[in-house]
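Participant: Here it is, the structure, as C-alpha cells.
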Amino acid sequence: MVVWGLVTVVLTQSYGGNLMALLAVRHIPQPIQSLQDIVDDHSVTLLVQSGSAKAVYFTTAEAGILRDVANLQKVNRLKFIKTSEFLQSINTFVRNGHHILSAAEAVERIVMAQDFSRTGQCDFYLGREKFLPLMYSLACSRGNSLVPVFSRRIMMMFESGIISQWIKTTIPNFTTCDHVPTKIVVKASLSVTDIWGMFFLLACGLALSLLVLCLELLYIHAH
C-alpha cells in the first residue's frame, strides 16, 4: 500500500504539472515560412494577385522553386484573384487556414493592419522568406533624360528609409503584427474533460487494489 501510494503521488503530480503547463502556455503554430513550405504542404492553396509581377514570374519561370509553385496550378493549388477580392479572401479562405495569400508586402501589411484595427488581434502572420523584391518607380518614356535623375532620387529615398517611415506613420497598426508571439498564456478554469487522466489513474489503482485484496482473501480462505 505504501509503494502504491508513492507511485500514485508521483504520477498524479507529474500529470498535474504537465496538464497545467499545457493549459497555461498555448503554442501557436506558424508552419508556412517559405515557398518550399507551400509546395510541400498539400493541404494549402496559394492565392496570387492576378496580373501582378509575381504572377508573371510564377507563370513564366522555367525551373527552380518558382516553376514548382507554377506547377501547383495543375492540381488546383494555385489561384489568381483580383485586388478587389483580397479582403473577402482574407476573411474566408485565408482565415480558415487552408489558403496562403502572396502579394506585395505593403499590401499584405495594409490588409493585416485593417484586420487588427477591426478585431483587435493578430490573426495572420508574414513568412520569414522574402522573394522578388519590388521597388516603387515612376514611368517615363524610353530614353528620357529625366530617368537617371528620378532613379537616383528614388534610390536615395529608399536607402534612407523615408518611404517606409511614411507608410508606417500614415497607416494605423502597420507594424503591430510584425512580431506575433508563438506562445501565449491562457487563463481558463479546469473541467472534468481536462483531468480525465487523473480519474482514470485513480480508478485503475482502486481496481488493482481490489483485485489484490480479493486474491489475498481467496488465498487465506484456501489455506
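We label chains A, B, ... in the order they appear in the C-alpha cells, count residues from 1 in each chain, and number ligands from 1 in the order shown.
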Run DSSP on the backbone and tell me which residues of segment 1-173 of chain A come out as strand (DSSP E); list them as a list of chain:residue names.

Facilitator: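 Everything in segment 1-173 of chain A that counts as strand (DSSP E) is A:Val25, A:Arg26, A:His27, A:Thr45, A:Leu46, A:Leu47, A:Val48, A:Gln49, A:Leu78, A:Lys79, A:Phe80, A:Ile81, A:His99, A:Ile100, A:Leu101, A:Ser102.
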
Participant: Since we have the selection now, will you write its residues out, keeping all heavy atoms, as a CSV table (one decimal), in the first residue's frame?

Facilitator:
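Result file follows (out_19.csv):
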chain,number,residue,atom,x,y,z
A,25,VAL,N,0.3,27.7,-21.1
A,25,VAL,CA,1.0,28.2,-22.3
A,25,VAL,C,0.5,27.4,-23.5
A,25,VAL,O,0.6,26.2,-23.6
A,25,VAL,CB,2.5,27.9,-22.1
A,25,VAL,CG1,3.3,28.5,-23.3
A,25,VAL,CG2,3.0,28.6,-20.8
A,26,ARG,N,0.0,28.2,-24.4
A,26,ARG,CA,-0.5,27.6,-25.7
A,26,ARG,C,0.4,28.0,-26.8
A,26,ARG,O,0.8,29.1,-27.0
A,26,ARG,CB,-1.9,28.1,-25.9
A,26,ARG,CG,-2.6,27.5,-27.2
A,26,ARG,CD,-4.0,27.9,-27.3
A,26,ARG,NE,-4.8,27.5,-26.1
A,26,ARG,CZ,-6.1,27.8,-25.9
A,26,ARG,NH1,-6.7,28.7,-26.7
A,26,ARG,NH2,-6.7,27.4,-24.8
A,27,HIS,N,0.8,27.0,-27.6
A,27,HIS,CA,1.7,27.2,-28.8
A,27,HIS,C,0.9,27.5,-30.0
A,27,HIS,O,-0.1,26.8,-30.3
A,27,HIS,CB,2.5,25.9,-29.0
A,27,HIS,CG,3.4,26.1,-30.2
A,27,HIS,ND1,4.5,26.9,-30.2
A,27,HIS,CD2,3.4,25.5,-31.4
A,27,HIS,CE1,5.1,26.8,-31.4
A,27,HIS,NE2,4.5,25.9,-32.1
A,45,THR,N,-3.5,26.1,-50.3
A,45,THR,CA,-3.6,26.7,-51.7
A,45,THR,C,-3.1,28.1,-51.7
A,45,THR,O,-3.4,28.8,-50.8
A,45,THR,CB,-5.1,26.7,-52.1
A,45,THR,OG1,-5.6,25.3,-52.1
A,45,THR,CG2,-5.2,27.2,-53.6
A,46,LEU,N,-2.3,28.4,-52.7
A,46,LEU,CA,-1.7,29.7,-52.8
A,46,LEU,C,-2.6,30.7,-53.6
A,46,LEU,O,-3.0,30.3,-54.7
A,46,LEU,CB,-0.3,29.6,-53.5
A,46,LEU,CG,0.5,30.9,-53.6
A,46,LEU,CD1,0.8,31.5,-52.3
A,46,LEU,CD2,1.8,30.7,-54.4
A,47,LEU,N,-2.8,31.9,-53.1
A,47,LEU,CA,-3.6,32.9,-53.8
A,47,LEU,C,-2.6,34.0,-54.2
A,47,LEU,O,-1.9,34.5,-53.3
A,47,LEU,CB,-4.7,33.5,-52.9
A,47,LEU,CG,-5.7,32.5,-52.3
A,47,LEU,CD1,-6.7,33.2,-51.4
A,47,LEU,CD2,-6.5,31.8,-53.4
A,48,VAL,N,-2.6,34.3,-55.5
A,48,VAL,CA,-1.7,35.4,-56.0
A,48,VAL,C,-2.5,36.4,-56.7
A,48,VAL,O,-3.5,36.1,-57.4
A,48,VAL,CB,-0.7,34.7,-57.0
A,48,VAL,CG1,0.3,35.8,-57.5
A,48,VAL,CG2,0.1,33.6,-56.2
A,49,GLN,N,-2.1,37.6,-56.6
A,49,GLN,CA,-2.8,38.7,-57.3
A,49,GLN,C,-2.6,38.6,-58.8
A,49,GLN,O,-1.5,38.5,-59.3
A,49,GLN,CB,-2.2,40.1,-56.9
A,49,GLN,CG,-2.9,41.3,-57.5
A,49,GLN,CD,-2.2,42.6,-57.1
A,49,GLN,OE1,-1.3,42.6,-56.3
A,49,GLN,NE2,-2.7,43.7,-57.6
A,78,LEU,N,-3.0,26.6,-57.0
A,78,LEU,CA,-2.6,28.0,-57.3
A,78,LEU,C,-3.7,28.7,-58.0
A,78,LEU,O,-4.1,28.3,-59.0
A,78,LEU,CB,-1.3,28.0,-58.1
A,78,LEU,CG,-0.8,29.3,-58.6
A,78,LEU,CD1,-0.5,30.2,-57.5
A,78,LEU,CD2,0.3,29.2,-59.6
A,79,LYS,N,-4.2,29.8,-57.3
A,79,LYS,CA,-5.3,30.5,-57.9
A,79,LYS,C,-5.0,32.0,-57.9
A,79,LYS,O,-4.3,32.5,-57.1
A,79,LYS,CB,-6.6,30.3,-57.0
A,79,LYS,CG,-7.1,28.9,-56.9
A,79,LYS,CD,-8.3,28.8,-56.1
A,79,LYS,CE,-8.8,27.3,-56.0
A,79,LYS,NZ,-10.0,27.2,-55.1
A,80,PHE,N,-5.4,32.6,-59.0
A,80,PHE,CA,-5.2,34.1,-59.2
A,80,PHE,C,-6.5,34.8,-58.9
A,80,PHE,O,-7.5,34.5,-59.4
A,80,PHE,CB,-4.7,34.3,-60.6
A,80,PHE,CG,-3.4,33.7,-61.0
A,80,PHE,CD1,-3.4,32.4,-61.6
A,80,PHE,CD2,-2.2,34.2,-60.6
A,80,PHE,CE1,-2.2,31.8,-62.0
A,80,PHE,CE2,-1.0,33.6,-60.9
A,80,PHE,CZ,-1.0,32.4,-61.6
A,81,ILE,N,-6.4,35.8,-58.0
A,81,ILE,CA,-7.5,36.6,-57.6
A,81,ILE,C,-7.3,38.1,-57.9
A,81,ILE,O,-6.1,38.5,-58.0
A,81,ILE,CB,-7.8,36.4,-56.1
A,81,ILE,CG1,-6.6,36.9,-55.3
A,81,ILE,CG2,-8.2,35.0,-55.8
A,81,ILE,CD1,-6.9,36.9,-53.8
A,99,HIS,N,-5.5,28.5,-47.0
A,99,HIS,CA,-5.1,29.3,-48.2
A,99,HIS,C,-4.0,30.2,-47.7
A,99,HIS,O,-4.0,30.7,-46.5
A,99,HIS,CB,-6.2,30.0,-48.8
A,99,HIS,CG,-7.2,29.2,-49.5
A,99,HIS,ND1,-8.1,28.3,-48.9
A,99,HIS,CD2,-7.4,29.0,-50.9
A,99,HIS,CE1,-8.8,27.7,-49.8
A,99,HIS,NE2,-8.4,28.1,-51.0
A,100,ILE,N,-3.0,30.5,-48.6
A,100,ILE,CA,-2.0,31.5,-48.3
A,100,ILE,C,-2.1,32.6,-49.4
A,100,ILE,O,-2.2,32.3,-50.6
A,100,ILE,CB,-0.6,30.8,-48.4
A,100,ILE,CG1,-0.5,29.6,-47.5
A,100,ILE,CG2,0.5,31.8,-48.1
A,100,ILE,CD1,-0.7,29.9,-46.1
A,101,LEU,N,-1.9,33.8,-48.9
A,101,LEU,CA,-2.0,35.0,-49.8
A,101,LEU,C,-0.6,35.5,-50.1
A,101,LEU,O,0.2,35.7,-49.2
A,101,LEU,CB,-2.8,36.1,-49.2
A,101,LEU,CG,-2.9,37.4,-50.0
A,101,LEU,CD1,-3.6,37.1,-51.4
A,101,LEU,CD2,-3.6,38.5,-49.3
A,102,SER,N,-0.3,35.6,-51.4
A,102,SER,CA,1.0,36.2,-51.8
A,102,SER,C,0.8,37.4,-52.6
A,102,SER,O,0.2,37.4,-53.7
A,102,SER,CB,1.8,35.1,-52.6
A,102,SER,OG,3.1,35.7,-53.1

Participant: Considering only C-alpha atoms, give me a table of residues in segment 54-126 of chain A that are at most 10 Å from segment 134-156 of chain A, with the closest atom pair and distance in Å for each, as CSV.

Facilitator:
residue,atom,partner,partner_atom,distance
A:Lys54,CA,A:Leu134,CA,9.4
A:Ala104,CA,A:Leu134,CA,7.8
A:Glu105,CA,A:Leu134,CA,9.2

Participant: Could you take the residues named above and write them with all heavy atoms, as a compact mmCIF listing (two decimals), in the first residue's frame?

Facilitator:
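Dumped to again09.txt:
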# COMPACT_ATOMS: atom_id res chain seq x y z
N LYS A 54 4.47 39.28 -59.59
CA LYS A 54 4.71 37.94 -59.05
C LYS A 54 3.98 36.88 -59.87
O LYS A 54 4.52 35.80 -60.10
CB LYS A 54 4.25 37.88 -57.59
CG LYS A 54 5.14 38.65 -56.63
CD LYS A 54 4.74 38.43 -55.19
CE LYS A 54 5.69 39.15 -54.25
NZ LYS A 54 5.35 38.93 -52.82
N ALA A 104 2.21 41.97 -52.79
CA ALA A 104 3.24 42.92 -52.36
C ALA A 104 3.20 43.05 -50.84
O ALA A 104 2.12 43.06 -50.24
CB ALA A 104 3.02 44.27 -53.03
N GLU A 105 4.38 43.16 -50.22
CA GLU A 105 4.44 43.19 -48.76
C GLU A 105 3.63 44.34 -48.19
O GLU A 105 2.97 44.20 -47.16
CB GLU A 105 5.90 43.29 -48.30
CG GLU A 105 6.04 43.27 -46.79
CD GLU A 105 7.50 43.32 -46.34
OE1 GLU A 105 8.38 43.28 -47.22
OE2 GLU A 105 7.73 43.41 -45.13

Participant: So which residues touch Phe58 of chain A within 7 Å, counting only C-alpha atoms, skipping near sequence neighbours fewer than 5 positions away, as a ChimeraX atom specification?

Facilitator: /A:66-67,69-70

Participant: Based on the selection just made, write C-alpha atoms of those residues as a CSV table (one decimal), in the first residue's frame.

Facilitator:
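Full text of part32.csv as output:
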chain,number,residue,atom,x,y,z
A,66,LEU,CA,9.1,29.4,-58.9
A,67,ARG,CA,8.4,26.7,-61.5
A,69,VAL,CA,4.9,27.0,-57.5
A,70,ALA,CA,3.6,27.4,-61.0

Participant: Distance atom CA of Leu72 of chain A-atom CA of Asp123 of chain A, one decimal place?

Facilitator: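 One can read the atom CA of Leu72 of chain A to atom CA of Asp123 of chain A distance as 25.6 Å.
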
Participant: Rank A:Ser84, A:His98, A:Ile171, A:Glu216 by their smallest atom-to-atom distance to Asp41 of chain A, using only C-alpha atoms, and report the top residue only.

Facilitator: A:His98

Participant: Could you tell me how far atom CA of Asn173 of chain A sits from atom CA of Ala113 of chain A, in Å to one decimal place?

Facilitator: 5.1 Å

Participant: Find the residues near Ile167 of chain A: any atom within 12 Å, counting only C-alpha atoms, skip ones fewer than 3 places away on the same chain, and give them as a list in words.

Facilitator: Glu105, Ala106, Val107, Arg109, Ile110, Ala113, Gly161, Ile162, Ile163, Ser164, Thr170, Ile171, Pro172, Asn173, Phe174 and Thr175 of chain A

Participant: With N, CA, C and O atoms kept, could you save the residues just selected as a PDB file, in the first residue's frame?

Facilitator:
ATOM      1  N   GLU A 105       4.376  43.158 -50.220  1.00  0.00           N
ATOM      2  CA  GLU A 105       4.440  43.186 -48.758  1.00  0.00           C
ATOM      3  C   GLU A 105       3.631  44.340 -48.192  1.00  0.00           C
ATOM      4  O   GLU A 105       2.965  44.196 -47.161  1.00  0.00           O
ATOM      5  N   ALA A 106       3.669  45.482 -48.867  1.00  0.00           N
ATOM      6  CA  ALA A 106       2.902  46.631 -48.375  1.00  0.00           C
ATOM      7  C   ALA A 106       1.414  46.338 -48.382  1.00  0.00           C
ATOM      8  O   ALA A 106       0.686  46.704 -47.447  1.00  0.00           O
ATOM      9  N   VAL A 107       0.940  45.647 -49.417  1.00  0.00           N
ATOM     10  CA  VAL A 107      -0.487  45.303 -49.495  1.00  0.00           C
ATOM     11  C   VAL A 107      -0.854  44.327 -48.379  1.00  0.00           C
ATOM     12  O   VAL A 107      -1.897  44.462 -47.727  1.00  0.00           O
ATOM     13  N   ARG A 109       0.633  43.953 -45.493  1.00  0.00           N
ATOM     14  CA  ARG A 109       0.658  44.654 -44.207  1.00  0.00           C
ATOM     15  C   ARG A 109      -0.575  45.536 -44.024  1.00  0.00           C
ATOM     16  O   ARG A 109      -1.112  45.649 -42.920  1.00  0.00           O
ATOM     17  N   ILE A 110      -1.021  46.160 -45.104  1.00  0.00           N
ATOM     18  CA  ILE A 110      -2.210  47.007 -45.016  1.00  0.00           C
ATOM     19  C   ILE A 110      -3.432  46.174 -44.665  1.00  0.00           C
ATOM     20  O   ILE A 110      -4.248  46.551 -43.808  1.00  0.00           O
ATOM     21  N   ALA A 113      -3.152  45.186 -41.061  1.00  0.00           N
ATOM     22  CA  ALA A 113      -3.398  46.330 -40.189  1.00  0.00           C
ATOM     23  C   ALA A 113      -4.884  46.639 -40.102  1.00  0.00           C
ATOM     24  O   ALA A 113      -5.417  46.936 -39.021  1.00  0.00           O
ATOM     25  N   GLY A 161      15.214  55.144 -45.950  1.00  0.00           N
ATOM     26  CA  GLY A 161      14.097  54.597 -45.192  1.00  0.00           C
ATOM     27  C   GLY A 161      12.926  55.536 -45.034  1.00  0.00           C
ATOM     28  O   GLY A 161      11.997  55.244 -44.262  1.00  0.00           O
ATOM     29  N   ILE A 162      12.930  56.645 -45.761  1.00  0.00           N
ATOM     30  CA  ILE A 162      11.873  57.629 -45.566  1.00  0.00           C
ATOM     31  C   ILE A 162      10.536  57.119 -46.094  1.00  0.00           C
ATOM     32  O   ILE A 162       9.467  57.412 -45.533  1.00  0.00           O
ATOM     33  N   ILE A 163      10.556  56.308 -47.178  1.00  0.00           N
ATOM     34  CA  ILE A 163       9.300  55.790 -47.727  1.00  0.00           C
ATOM     35  C   ILE A 163       8.650  54.824 -46.744  1.00  0.00           C
ATOM     36  O   ILE A 163       7.436  54.866 -46.508  1.00  0.00           O
ATOM     37  N   SER A 164       9.463  53.949 -46.157  1.00  0.00           N
ATOM     38  CA  SER A 164       8.926  53.028 -45.154  1.00  0.00           C
ATOM     39  C   SER A 164       8.369  53.771 -43.953  1.00  0.00           C
ATOM     40  O   SER A 164       7.336  53.397 -43.390  1.00  0.00           O
ATOM     41  N   THR A 170       1.405  56.754 -41.781  1.00  0.00           N
ATOM     42  CA  THR A 170       0.113  57.082 -42.406  1.00  0.00           C
ATOM     43  C   THR A 170      -0.908  55.957 -42.262  1.00  0.00           C
ATOM     44  O   THR A 170      -2.117  56.223 -42.339  1.00  0.00           O
ATOM     45  N   ILE A 171      -0.462  54.706 -42.050  1.00  0.00           N
ATOM     46  CA  ILE A 171      -1.381  53.570 -41.940  1.00  0.00           C
ATOM     47  C   ILE A 171      -1.394  53.102 -40.489  1.00  0.00           C
ATOM     48  O   ILE A 171      -0.371  52.652 -39.966  1.00  0.00           O
ATOM     49  N   PRO A 172      -2.516  53.183 -39.780  1.00  0.00           N
ATOM     50  CA  PRO A 172      -2.579  52.743 -38.371  1.00  0.00           C
ATOM     51  C   PRO A 172      -2.280  51.251 -38.239  1.00  0.00           C
ATOM     52  O   PRO A 172      -2.690  50.440 -39.080  1.00  0.00           O
ATOM     53  N   ASN A 173      -1.561  50.902 -37.188  1.00  0.00           N
ATOM     54  CA  ASN A 173      -1.244  49.497 -36.851  1.00  0.00           C
ATOM     55  C   ASN A 173      -0.478  48.786 -37.964  1.00  0.00           C
ATOM     56  O   ASN A 173      -0.605  47.577 -38.147  1.00  0.00           O
ATOM     57  N   PHE A 174       0.326  49.520 -38.709  1.00  0.00           N
ATOM     58  CA  PHE A 174       1.036  48.932 -39.857  1.00  0.00           C
ATOM     59  C   PHE A 174       2.054  47.887 -39.416  1.00  0.00           C
ATOM     60  O   PHE A 174       2.270  46.891 -40.111  1.00  0.00           O
ATOM     61  N   THR A 175       2.686  48.084 -38.278  1.00  0.00           N
ATOM     62  CA  THR A 175       3.723  47.157 -37.806  1.00  0.00           C
ATOM     63  C   THR A 175       3.308  46.430 -36.530  1.00  0.00           C
ATOM     64  O   THR A 175       4.148  45.804 -35.879  1.00  0.00           O
TER      65      THR A 175
END

Participant: Residues at most 9 Å from segment 195-209 of chain A, counting only C-alpha atoms, excluding those fewer than 5 positions away in the same chain, as a compact mmCIF listing (two decimals) with C-alpha atoms, in the first residue's frame?

Facilitator:
# COMPACT_ATOMS: atom_id res chain seq x y z
CA MET A 1 0.00 0.00 0.00
CA TRP A 4 1.33 2.11 -4.41
CA THR A 8 0.26 7.37 -7.23
CA LEU A 11 2.23 10.05 -11.27
CA THR A 12 -0.54 12.43 -10.26
CA TYR A 15 0.40 14.58 -14.76
CA GLY A 16 -0.96 17.63 -12.96
CA LEU A 19 -1.52 19.50 -17.59
CA LEU A 190 -10.36 23.26 -15.39
CA CYS A 214 -9.63 -10.50 -3.48

Participant: Counting only C-alpha atoms, which of A:Leu35, A:His223, A:Asn76, A:Phe116 gets nearest to Lys130 of chain A?

Facilitator: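 Of all the options, A:Leu35 lies closest to Lys130 of chain A.
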
Participant: Report as a PyMOL selection string all protein, DNA and RNA residues lying within 10 Å of Gly97 of chain A, evaluated on only C-alpha atoms, omitting residues in the same chain fewer than 6 positions from it.

Facilitator: chain A and resi 43-45+90+124

Participant: Please indicate the distance in Å from atom CA of Gln121 of chain A to atom CA of Lys82 of chain A, rounded to one decimal place.

Facilitator: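 Distance reported for this atom pair: 25.8 Å.
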
Participant: Give the alpha helix (DSSP H) residues of chain A, as DSSP finds them on the backbone, and put them as a PyMOL selection string.

Facilitator: chain A and resi 2-24+35-40+53-60+64-70+86-89+105-119+146-160+162-170+196-222

Participant: Choose the residue, out of A:Thr83, A:Gln36, A:Gln73, A:Asn96, that has the smallest atom-to-atom separation from Glu108 of chain A; count only C-alpha atoms.

Facilitator: A:Thr83
